[in-house]
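Visitor: Provided herewith: my_file10.txt, compact mmCIF, C-alpha atoms.
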```txt
# COMPACT_ATOMS: atom_id res chain seq x y z
CA MET A 984 0.00 0.00 0.00
CA ASP A 985 1.10 3.60 -0.60
CA ASN A 986 -0.80 5.43 2.12
CA HIS A 987 2.20 7.11 3.72
CA LEU A 988 4.95 7.70 1.19
CA THR A 989 7.06 10.63 2.36
CA ALA A 990 7.96 13.64 0.26
CA ALA A 991 11.58 12.56 0.38
CA THR A 992 10.64 9.13 -0.99
CA ARG A 993 8.88 10.78 -3.91
CA GLY A 994 11.61 13.35 -4.45
CA ARG A 995 9.04 16.13 -4.07
CA ALA A 996 8.16 18.45 -1.20
CA ARG A 997 5.19 20.07 0.52
CA ALA A 998 4.51 23.80 0.46
CA ARG A 999 6.02 24.56 3.86
CA GLU A 1000 9.17 22.64 3.03
CA LEU A 1001 9.52 25.03 0.10
CA GLY A 1002 9.07 28.18 2.18
CA VAL A 1003 5.46 28.72 1.07
CA VAL A 1004 3.30 29.36 4.15
CA VAL A 1005 -0.43 30.05 3.89
CA GLY A 1006 -1.96 32.24 6.60
CA ALA A 1007 -1.05 32.69 10.25
CA LEU A 1008 -3.17 30.00 11.92
CA PRO A 1009 -1.31 27.02 13.38
CA THR A 1010 -1.56 23.66 11.67
CA GLY A 1011 -2.24 20.33 13.32
CA PRO A 1012 0.74 18.04 14.08
CA LEU A 1013 0.67 16.44 10.62
CA ASN A 1014 -0.79 19.38 8.70
CA ALA A 1015 -3.28 16.91 7.25
CA ILE A 1016 -6.96 15.94 7.36
CA THR A 1017 -5.92 13.06 9.62
CA ASP A 1018 -5.25 15.63 12.36
CA VAL A 1019 -9.02 15.48 12.93
CA GLU A 1020 -9.29 12.62 15.41
CA GLY A 1021 -10.75 9.47 13.90
CA VAL A 1022 -10.36 10.51 10.26
CA LEU A 1023 -8.37 7.97 8.23
CA VAL A 1024 -7.14 8.02 4.62
CA GLY A 1025 -6.35 5.14 2.26
CA HIS A 1026 -5.11 4.99 -1.33
CA THR A 1027 -4.93 2.43 -4.10
CA THR A 1028 -2.75 3.49 -7.04
CA LEU A 1029 -2.83 2.08 -10.58
CA ASP A 1030 0.14 3.24 -12.65
CA ASP A 1031 1.57 1.13 -15.48
CA GLY A 1032 4.10 3.79 -16.50
CA ALA A 1033 2.37 4.20 -19.85
CA ASP A 1034 -1.35 4.70 -20.51
CA LEU A 1035 -2.82 4.02 -17.08
CA HIS A 1036 -2.50 6.58 -14.27
CA THR A 1037 -5.47 6.42 -11.93
CA GLY A 1038 -6.65 5.07 -8.57
CA VAL A 1039 -8.82 5.39 -5.50
CA THR A 1040 -8.61 7.56 -2.39
CA ALA A 1041 -10.86 6.91 0.60
CA VAL A 1042 -11.59 9.24 3.53
CA VAL A 1043 -12.91 7.08 6.35
CA PRO A 1044 -14.24 8.62 9.59
CA ARG A 1045 -13.95 6.04 12.39
CA GLN A 1046 -17.04 7.57 13.98
CA LEU A 1047 -18.98 6.10 11.04
CA THR A 1048 -17.33 2.72 10.79
CA ALA A 1049 -16.59 1.96 14.46
CA GLU A 1050 -19.39 3.78 16.26
CA GLY A 1051 -21.98 3.34 13.52
CA ARG A 1052 -23.38 6.85 13.77
CA ALA A 1053 -24.17 9.22 10.93
CA LEU A 1054 -22.25 12.50 10.92
CA PRO A 1055 -23.62 16.00 10.27
CA ALA A 1056 -22.57 16.90 6.73
CA ALA A 1057 -23.18 19.14 3.75
CA VAL A 1058 -22.26 19.34 0.08
CA TYR A 1059 -21.66 22.53 -1.88
CA ALA A 1060 -21.42 22.51 -5.68
CA GLY A 1061 -19.44 25.46 -6.95
CA ASN A 1062 -20.16 24.15 -10.44
CA GLY A 1063 -22.19 20.97 -10.80
CA TYR A 1064 -20.54 19.49 -13.89
CA GLY A 1065 -19.78 16.18 -12.19
CA LYS A 1066 -20.98 12.82 -10.96
CA LEU A 1067 -21.02 13.08 -7.17
CA VAL A 1068 -22.82 9.89 -6.15
CA GLY A 1069 -24.92 10.20 -2.99
CA SER A 1070 -25.03 13.99 -2.82
CA THR A 1071 -28.82 14.47 -2.93
CA GLN A 1072 -29.42 12.47 0.23
CA ILE A 1073 -26.77 14.48 2.06
CA ASP A 1074 -28.55 17.63 0.91
CA GLU A 1075 -31.90 16.28 2.06
CA LEU A 1076 -30.98 14.77 5.42
CA GLY A 1077 -27.84 16.69 6.36
CA VAL A 1078 -25.86 13.58 7.33
CA LEU A 1079 -23.01 11.48 5.99
CA GLU A 1080 -23.57 7.72 6.32
CA SER A 1081 -20.61 6.49 4.26
CA PRO A 1082 -16.88 6.98 3.83
CA VAL A 1083 -16.05 9.33 0.97
CA VAL A 1084 -14.39 7.60 -1.98
CA LEU A 1085 -12.67 9.54 -4.77
CA THR A 1086 -11.70 8.13 -8.17
CA ALA A 1087 -11.82 8.83 -11.93
CA THR A 1088 -15.04 9.94 -13.63
CA LEU A 1089 -15.85 6.77 -15.56
CA SER A 1090 -14.92 4.56 -12.61
CA ALA A 1091 -17.19 6.37 -10.15
CA PHE A 1092 -20.09 4.00 -10.61
CA ARG A 1093 -18.05 0.84 -10.17
CA ALA A 1094 -16.53 2.47 -7.09
CA ALA A 1095 -20.01 3.20 -5.73
CA ASP A 1096 -20.99 -0.44 -6.14
CA ALA A 1097 -17.81 -1.53 -4.35
CA LEU A 1098 -18.48 0.94 -1.54
CA LEU A 1099 -21.98 -0.54 -1.29
CA THR A 1100 -20.38 -3.95 -0.73
CA TYR A 1101 -18.29 -2.44 2.06
CA LEU A 1102 -21.34 -0.87 3.71
CA MET A 1103 -23.49 -3.98 3.38
CA ASP A 1104 -20.80 -6.14 4.96
CA ARG A 1105 -20.90 -3.87 8.00
CA SER A 1106 -24.69 -3.86 8.26
CA PRO A 1107 -25.99 -7.33 7.37
CA GLU A 1108 -29.62 -6.34 8.01
CA GLY A 1109 -29.53 -3.05 6.11
CA ILE A 1110 -31.73 -2.54 3.04
CA SER A 1111 -30.86 1.07 2.16
CA PHE A 1112 -27.42 2.69 1.90
CA ASN A 1113 -26.03 5.96 0.56
CA PRO A 1114 -22.49 5.40 -0.78
CA VAL A 1115 -20.69 8.69 -1.46
CA VAL A 1116 -18.26 8.76 -4.39
CA GLY A 1117 -16.68 11.83 -5.94
CA GLU A 1118 -14.64 12.01 -9.11
CA THR A 1119 -12.51 14.08 -11.43
CA ASN A 1120 -11.66 13.31 -15.03
CA ASP A 1121 -8.08 12.01 -15.37
CA GLY A 1122 -8.53 11.22 -19.07
CA PHE A 1123 -5.80 13.66 -20.18
CA LEU A 1124 -3.09 11.36 -18.79
CA SER A 1125 -4.91 8.05 -18.26
CA ASP A 1126 -6.92 5.78 -20.55
CA ILE A 1127 -10.12 6.54 -18.69
CA ARG A 1128 -12.34 4.43 -20.98
CA ARG A 1129 -10.69 1.28 -19.69
CA ARG A 1130 -12.52 1.78 -16.39
CA PRO A 1131 -9.83 -0.22 -14.59
CA ILE A 1132 -11.06 0.29 -11.02
CA THR A 1133 -12.34 -2.95 -9.50
CA GLU A 1134 -14.13 -3.72 -6.26
CA ARG A 1135 -10.85 -4.95 -4.80
CA HIS A 1136 -9.12 -1.64 -5.49
CA VAL A 1137 -11.84 0.24 -3.62
CA LEU A 1138 -11.94 -2.21 -0.72
CA ASP A 1139 -8.15 -2.06 -0.41
CA ALA A 1140 -8.28 1.73 -0.06
CA LEU A 1141 -11.10 1.53 2.50
CA GLU A 1142 -9.69 -1.34 4.53
CA GLY A 1143 -6.15 0.05 4.41
CA ALA A 1144 -7.15 3.55 5.53
CA SER A 1145 -5.14 4.73 8.50
CA GLY A 1146 -3.94 7.76 10.40
CA GLY A 1147 -0.61 9.45 9.92
CA LEU A 1148 0.39 11.77 7.10
CA PRO A 1149 -1.32 10.55 3.91
CA ALA A 1150 0.68 10.22 0.73
CA GLU A 1151 0.17 13.18 -1.61
CA GLY A 1152 0.73 14.04 -5.24
CA CYS A 1153 0.62 11.23 -7.82
CA VAL A 1154 -1.15 8.71 -5.63
CA GLY A 1155 -4.63 7.20 -5.38
CA ALA A 1156 -7.31 9.26 -7.08
CA GLY A 1157 -4.69 11.91 -7.91
CA THR A 1158 -2.39 9.62 -9.89
CA GLY A 1159 -3.51 11.02 -13.25
CA THR A 1160 -4.92 14.44 -12.40
CA THR A 1161 -3.66 17.84 -13.55
CA ALA A 1162 -4.36 21.35 -12.34
CA LEU A 1163 -3.56 24.88 -13.41
CA GLY A 1164 -1.40 23.60 -16.27
CA TYR A 1165 0.83 21.38 -14.12
CA LYS A 1166 0.77 17.82 -12.82
CA ALA A 1167 -1.32 17.73 -9.66
CA GLY A 1168 -2.87 15.04 -7.47
CA ILE A 1169 -3.92 14.55 -3.87
CA GLY A 1170 -3.09 17.19 -1.26
CA THR A 1171 -3.98 17.76 2.37
CA SER A 1172 -3.58 20.32 5.14
CA SER A 1173 -5.09 21.33 8.49
CA ARG A 1174 -5.54 24.27 10.84
CA ARG A 1175 -6.12 24.64 14.60
CA PRO A 1176 -8.27 27.74 15.17
CA VAL A 1177 -9.81 28.79 18.47
CA ALA A 1178 -13.59 29.09 18.35
CA GLU A 1179 -15.60 30.29 21.33
CA GLY A 1180 -12.56 29.80 23.57
CA ALA A 1181 -11.85 26.20 22.51
CA ALA A 1182 -9.21 24.90 20.10
CA VAL A 1183 -10.71 22.90 17.24
CA THR A 1184 -9.26 21.21 14.16
CA VAL A 1185 -10.21 21.74 10.53
CA GLY A 1186 -8.66 19.44 7.92
CA ALA A 1187 -8.93 19.30 4.14
CA LEU A 1188 -8.07 16.77 1.45
CA VAL A 1189 -8.29 17.63 -2.24
CA GLN A 1190 -8.28 15.81 -5.57
CA ALA A 1191 -7.07 18.63 -7.83
CA ASN A 1192 -7.85 18.55 -11.56
CA PHE A 1193 -8.97 22.03 -12.59
CA GLY A 1194 -8.00 24.84 -14.94
CA GLY A 1195 -6.64 28.33 -14.55
CA VAL A 1196 -3.24 29.90 -13.91
CA LEU A 1197 -1.30 28.70 -10.86
CA THR A 1198 -1.00 31.52 -8.35
CA VAL A 1199 1.24 31.20 -5.29
CA GLY A 1200 1.04 33.92 -2.65
CA GLY A 1201 -0.58 36.20 -5.21
CA VAL A 1202 2.16 35.60 -7.81
CA PRO A 1203 1.00 34.05 -11.13
CA MET A 1204 3.08 31.10 -12.39
CA PRO A 1205 1.82 30.37 -15.94
CA VAL A 1206 3.18 27.03 -17.11
CA GLU A 1207 3.81 28.18 -20.67
CA GLU A 1208 6.23 30.83 -19.35
CA LEU A 1209 8.00 28.76 -16.70
CA VAL A 1210 8.35 25.33 -18.34
CA PRO A 1211 10.02 25.38 -21.79
CA GLY A 1212 7.90 23.55 -24.32
CA ALA A 1213 4.94 23.04 -21.99
CA ALA A 1214 1.50 23.58 -23.46
CA GLY A 1215 -0.93 25.69 -21.48
CA GLU A 1216 -4.18 24.38 -22.99
CA GLU A 1217 -6.74 23.04 -20.55
CA PRO A 1218 -8.10 19.52 -21.07
CA VAL A 1219 -11.83 18.94 -20.92
CA GLY A 1220 -13.26 17.58 -17.70
CA ASN A 1221 -11.50 19.91 -15.29
CA SER A 1222 -12.79 19.40 -11.76
CA CYS A 1223 -11.92 19.49 -8.07
CA MET A 1224 -13.13 17.40 -5.15
CA ILE A 1225 -12.59 18.82 -1.66
CA VAL A 1226 -13.29 16.94 1.57
CA VAL A 1227 -13.37 19.02 4.76
CA ALA A 1228 -13.44 17.42 8.21
CA THR A 1229 -13.70 19.14 11.58
CA ASP A 1230 -14.14 18.18 15.22
CA ALA A 1231 -16.02 21.42 15.88
CA PRO A 1232 -19.67 20.82 16.87
CA LEU A 1233 -21.52 22.12 13.81
CA ASP A 1234 -24.85 21.27 12.22
CA ALA A 1235 -25.44 20.59 8.53
CA ARG A 1236 -26.35 24.20 7.74
CA GLN A 1237 -23.14 25.48 9.28
CA LEU A 1238 -21.12 22.80 7.51
CA ALA A 1239 -22.59 24.02 4.22
CA ARG A 1240 -21.13 27.42 5.03
CA LEU A 1241 -17.71 25.81 5.51
CA ALA A 1242 -18.10 23.88 2.24
CA ARG A 1243 -18.77 27.10 0.36
CA ARG A 1244 -15.57 28.64 1.72
CA ALA A 1245 -13.68 25.55 0.56
CA ILE A 1246 -14.75 26.24 -3.02
CA PHE A 1247 -13.92 29.94 -2.62
CA ALA A 1248 -10.35 28.95 -1.66
CA MET A 1249 -9.77 27.55 -5.15
CA GLY A 1250 -9.74 31.13 -6.40
CA ARG A 1251 -6.68 31.89 -4.27
CA VAL A 1252 -4.56 29.48 -6.31
CA GLY A 1253 -5.87 30.73 -9.67
CA ALA A 1254 -8.86 28.50 -10.51
CA SER A 1255 -10.80 29.46 -13.62
CA TYR A 1256 -14.07 27.76 -12.52
CA SER A 1257 -14.72 26.86 -16.15
CA ASN A 1258 -17.94 25.50 -17.67
CA GLY A 1259 -16.76 21.89 -17.61
CA SER A 1260 -15.35 21.94 -14.09
CA GLY A 1261 -17.18 19.94 -11.45
CA ASP A 1262 -16.14 21.74 -8.26
CA TYR A 1263 -17.55 20.14 -5.11
CA ALA A 1264 -16.87 20.33 -1.39
CA ILE A 1265 -18.12 17.85 1.20
CA ALA A 1266 -17.85 18.97 4.82
CA PHE A 1267 -18.58 16.85 7.90
CA SER A 1268 -18.19 17.05 11.67
CA THR A 1269 -16.92 14.26 13.91
CA ALA A 1270 -17.93 16.03 17.13
CA SER A 1271 -19.97 14.20 19.74
CA PRO A 1272 -23.70 14.89 19.28
CA GLU A 1273 -23.83 15.69 23.00
CA LEU A 1274 -21.71 18.83 22.58
CA PRO A 1275 -23.54 22.16 22.22
CA ARG A 1276 -23.47 23.53 18.68
CA LEU A 1277 -21.23 26.52 18.06
CA PRO A 1278 -23.16 29.76 17.49
CA ASP A 1279 -22.94 31.29 14.04
CA ALA A 1280 -21.18 34.30 15.52
CA GLY A 1281 -18.31 31.99 16.49
CA LEU A 1282 -17.69 30.59 13.02
CA ASN A 1283 -15.30 33.22 11.68
CA PRO A 1284 -12.15 31.40 12.87
CA LEU A 1285 -13.39 28.23 11.17
CA PHE A 1286 -14.06 30.11 7.94
CA ALA A 1287 -10.47 31.39 7.97
CA ALA A 1288 -9.20 27.90 8.81
CA VAL A 1289 -10.98 26.16 5.96
CA MET A 1290 -9.87 28.76 3.42
CA ASP A 1291 -6.23 28.44 4.49
CA ALA A 1292 -6.30 24.64 4.80
CA VAL A 1293 -7.83 24.18 1.36
CA GLU A 1294 -5.44 26.64 -0.27
CA GLU A 1295 -2.44 24.84 1.23
CA ALA A 1296 -3.86 21.42 0.39
CA LEU A 1297 -4.20 22.51 -3.24
CA LEU A 1298 -0.61 23.75 -3.29
CA ASN A 1299 0.56 20.50 -1.69
CA SER A 1300 -1.30 18.54 -4.38
CA LEU A 1301 0.78 20.35 -6.99
CA PHE A 1302 4.14 20.63 -5.26
CA THR A 1303 4.28 16.93 -4.33
CA ALA A 1304 3.30 15.74 -7.81
CA ARG A 1305 5.96 14.66 -10.30
CA THR A 1306 6.15 15.07 -14.07
CA THR A 1307 4.02 12.39 -15.74
CA THR A 1308 3.71 11.23 -19.35
CA GLY A 1309 0.57 9.27 -20.05
CA VAL A 1310 -1.86 8.19 -22.73
CA ARG A 1311 -1.09 9.38 -26.30
CA GLY A 1312 2.27 10.68 -25.08
CA ARG A 1313 0.75 13.62 -23.26
CA THR A 1314 2.87 15.15 -20.49
CA ARG A 1315 2.12 17.33 -17.52
CA HIS A 1316 5.14 18.84 -15.81
CA ALA A 1317 5.82 19.26 -12.12
CA VAL A 1318 5.86 22.77 -10.69
CA PRO A 1319 9.44 24.14 -10.93
CA TYR A 1320 10.62 24.80 -7.38
CA ASP A 1321 13.21 27.38 -8.42
CA ARG A 1322 10.48 29.74 -9.62
CA LEU A 1323 8.37 29.65 -6.46
CA PRO A 1324 7.93 32.84 -4.42
CA ARG A 1325 8.74 32.34 -0.75
CA THR A 1326 6.03 33.50 1.64
CA GLY A 1327 7.45 32.16 4.92
CA ALA A 1328 10.47 30.75 6.69
CA GLY A 1329 12.47 27.91 5.23
CA GLU A 1330 14.86 27.33 2.37
CA PRO A 1331 13.48 26.39 -1.02
CA VAL A 1332 14.19 22.83 -2.13
CA GLY A 1333 16.12 22.65 -5.39
```
Mind turning this structure into structure tokens?
Guide:
Amino acid sequence: MDNHLTAATRGRARARELGVVVGALPTGPLNAITDVEGVLVGHTTLDDGADLHTGVTAVVPRQLTAEGRALPAAVYAGNGYGKLVGSTQIDELGVLESPVVLTATLSAFRAADALLTYLMDRSPEGISFNPVVGETNDGFLSDIRRRPITERHVLDALEGASGGLPAEGCVGAGTGTTALGYKAGIGTSSRRPVAEGAAVTVGALVQANFGGVLTVGGVPMPVEELVPGAAGEEPVGNSCMIVVATDAPLDARQLARLARRAIFAMGRVGASYSNGSGDYAIAFSTASPELPRLPDAGLNPLFAAVMDAVEEALLNSLFTARTTTGVRGRTRHAVPYDRLPRTGAGEPVG
């Protein structure tokens, strides 16, 4: 399994290792969605070094799988050009009853069936389930029509999900994705704001595959100017999936407000929000239902936290990804570290 490859193993680095720091709020210990207690991440990667670059990423809250309770949740569609399985029931009931699985567009439905197997195995008497599967289109680099994702790939990601720092970049559902003209993938980050006198955690995980011009700390980094010979055209099917987790006691309406901010954060890194981009955020809370809900007046620190965490997760998805050549000889290049602006302490990695 490749759940916890380090940046050094991949030869790539996270934003903070490169001197790029987003915002002033502290991060969690891992600077990852897994800083939210009970939230686990698993990956299955399919990469044949030629035409196939795809996979599965699973976000698994233990509160769902171990305690068997639904979690308050919300979905926000910045642009609904996508196939987010299970979203209407979340909208209707305001709860998440399933892990969140991410994969490629044409594999989403096979992944949903596999996730159904997982859910049925854990509830032998159940007769209704709401598997949640998000997707982006990795067809620019991967032969998406092969629909290579099997039930075993999905179950491996779910059953292998664990804590610790998740692997990022070209892994799992991010193996074949591109964003802002560069190779992208999976990224994660977290923040520890104080809300109503109590420290809480907000974590984000992204599957980045959208168009625009990469912007780092307000500085545009157009690929056609920074990478000799690179083409700046945007493939069809640009999208972004964002999963936000928090241990703050919020209801579904408040989580929808966090989900909206997650989509807004894409603009900070230069997203174009194009017609064909399916931009979705799913936000859920792991807090005990016995805790009093935070008042709306206390949400500002969480809004700042989700914006910063998503922005940094998106940058991590790009900075940890490596140059990839895929189907039909198409190539997406890694972000060149020597052209990055430094926004915080630390020496850039060459």
Visitor: Between A:Ile1225, A:Val1039, A:Val1083, A:Val1004, single out the one closest to His1136 of chain A, counting only C-alpha atoms.
Guide: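 Residue with the minimum atom-to-atom distance to His1136 of chain A: A:Val1039.
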Visitor: If I take atom CA of Gly1281 of chain A and atom CA of Thr1184 of chain A, how far is one from the other in Å, to one decimal?
Guide: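 Atom CA of Thr1184 of chain A lies at a distance of 14.3 Å from atom CA of Gly1281 of chain A.
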Visitor: Compare A:Asp1126, A:Glu1134, A:Glu1080, A:Asp1030 by their minimum atom-to-atom distance to Arg1311 of chain A, counting all atoms listed in the file, and give me the closest one.
Guide: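 The closest residue to Arg1311 of chain A is A:Asp1126.
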Visitor: I need the residue nearest Gly1117 of chain A from this list: A:Gly1170, A:Gly1146, A:Pro1044, A:Gly1261. Use all atoms listed in the file for the distance.
Guide: A:Gly1261
Visitor: Tell me which of A:Phe1286, A:Gly1180, A:Ser1260, A:Leu1233 sits closest to Leu1274 of chain A, counting all atoms listed in the file.
Guide: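 Using all atoms listed in the file, Leu1274 of chain A sits closest to A:Leu1233.
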Visitor: Would you mind reading off the distance between atom CA of Gly1069 of chain A and atom CA of Leu1085 of chain A, one decimal, in Å?
Guide: 12.4 Å
Visitor: List the spatial neighbours of Thr1303 of chain A as a PyMOL selection string - criterion: any atom at most 6 Å away, all atoms listed in the file, same-chain residues fewer than 5 positions off excluded.
Guide: chain A and resi 995-997+1152
Visitor: Let me see the file: selected residues, C-alpha atoms, as a PDB file, in the coordinates of the input.
Guide:
```pdb
ATOM      1  CA  ARG A 995       9.040  16.130  -4.070  1.00  0.00           C
ATOM      2  CA  ALA A 996       8.160  18.450  -1.200  1.00  0.00           C
ATOM      3  CA  ARG A 997       5.190  20.070   0.520  1.00  0.00           C
ATOM      4  CA  GLY A1152       0.730  14.040  -5.240  1.00  0.00           C
TER       5      GLY A1152
END
```
Visitor: What does the distance from atom CA of Arg1325 of chain A to atom CA of Ser1222 of chain A come to in Å, to one decimal?
Guide: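 It comes out at 27.4 Å.
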Visitor: Is it possible to add N, CA, C and O atoms to segment 1288-1308 of chain A and hand it back as a short mmCIF file (atom, residue, chain, number, x, y, z; two decimals), in the frame of the given file?
Guide:
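Writing done, so here's out.cif:
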```cif
data_model
loop_
_atom_site.label_atom_id
_atom_site.label_comp_id
_atom_site.auth_asym_id
_atom_site.auth_seq_id
_atom_site.Cartn_x
_atom_site.Cartn_y
_atom_site.Cartn_z
N ALA A 1288 -9.94 29.16 8.78
CA ALA A 1288 -9.20 27.90 8.81
C ALA A 1288 -9.45 27.08 7.56
O ALA A 1288 -8.51 26.51 6.98
N VAL A 1289 -10.70 26.99 7.13
CA VAL A 1289 -10.98 26.16 5.96
C VAL A 1289 -10.42 26.79 4.69
O VAL A 1289 -9.90 26.09 3.81
N MET A 1290 -10.46 28.11 4.59
CA MET A 1290 -9.87 28.76 3.42
C MET A 1290 -8.37 28.50 3.35
O MET A 1290 -7.84 28.13 2.30
N ASP A 1291 -7.68 28.65 4.48
CA ASP A 1291 -6.23 28.44 4.49
C ASP A 1291 -5.88 26.97 4.28
O ASP A 1291 -4.94 26.64 3.54
N ALA A 1292 -6.62 26.07 4.92
CA ALA A 1292 -6.30 24.64 4.80
C ALA A 1292 -6.51 24.16 3.37
O ALA A 1292 -5.70 23.38 2.84
N VAL A 1293 -7.58 24.60 2.73
CA VAL A 1293 -7.83 24.18 1.36
C VAL A 1293 -6.79 24.77 0.41
O VAL A 1293 -6.27 24.07 -0.47
N GLU A 1294 -6.46 26.04 0.59
CA GLU A 1294 -5.44 26.64 -0.27
C GLU A 1294 -4.13 25.87 -0.16
O GLU A 1294 -3.50 25.52 -1.17
N GLU A 1295 -3.71 25.56 1.07
CA GLU A 1295 -2.44 24.84 1.23
C GLU A 1295 -2.54 23.41 0.72
O GLU A 1295 -1.58 22.88 0.14
N ALA A 1296 -3.68 22.77 0.92
CA ALA A 1296 -3.86 21.42 0.39
C ALA A 1296 -3.74 21.41 -1.13
O ALA A 1296 -3.13 20.50 -1.72
N LEU A 1297 -4.31 22.41 -1.78
CA LEU A 1297 -4.20 22.51 -3.24
C LEU A 1297 -2.75 22.70 -3.66
O LEU A 1297 -2.28 22.07 -4.62
N LEU A 1298 -2.02 23.57 -2.96
CA LEU A 1298 -0.61 23.75 -3.29
C LEU A 1298 0.18 22.47 -3.05
O LEU A 1298 1.04 22.09 -3.85
N ASN A 1299 -0.13 21.77 -1.95
CA ASN A 1299 0.56 20.50 -1.69
C ASN A 1299 0.27 19.48 -2.80
O ASN A 1299 1.14 18.69 -3.16
N SER A 1300 -0.96 19.49 -3.32
CA SER A 1300 -1.30 18.54 -4.38
C SER A 1300 -0.45 18.77 -5.63
O SER A 1300 -0.16 17.83 -6.38
N LEU A 1301 -0.06 20.00 -5.85
CA LEU A 1301 0.78 20.35 -6.99
C LEU A 1301 2.26 20.16 -6.70
O LEU A 1301 2.99 19.56 -7.49
N PHE A 1302 2.71 20.64 -5.55
CA PHE A 1302 4.14 20.63 -5.26
C PHE A 1302 4.67 19.22 -5.03
O PHE A 1302 5.85 18.95 -5.25
N THR A 1303 3.83 18.31 -4.56
CA THR A 1303 4.28 16.93 -4.33
C THR A 1303 4.14 16.04 -5.55
O THR A 1303 4.60 14.89 -5.54
N ALA A 1304 3.50 16.54 -6.60
CA ALA A 1304 3.30 15.74 -7.81
C ALA A 1304 4.56 15.80 -8.68
O ALA A 1304 5.29 16.79 -8.69
N ARG A 1305 4.79 14.73 -9.43
CA ARG A 1305 5.96 14.66 -10.30
C ARG A 1305 5.53 14.63 -11.77
O ARG A 1305 4.41 14.21 -12.10
N THR A 1306 6.43 15.06 -12.63
CA THR A 1306 6.15 15.07 -14.07
C THR A 1306 5.70 13.69 -14.53
O THR A 1306 6.32 12.67 -14.18
N THR A 1307 4.61 13.66 -15.30
CA THR A 1307 4.02 12.39 -15.74
C THR A 1307 3.70 12.45 -17.23
O THR A 1307 3.10 13.42 -17.70
N THR A 1308 4.12 11.41 -17.95
CA THR A 1308 3.71 11.23 -19.35
C THR A 1308 2.76 10.06 -19.40
O THR A 1308 3.03 8.99 -18.86
#
```
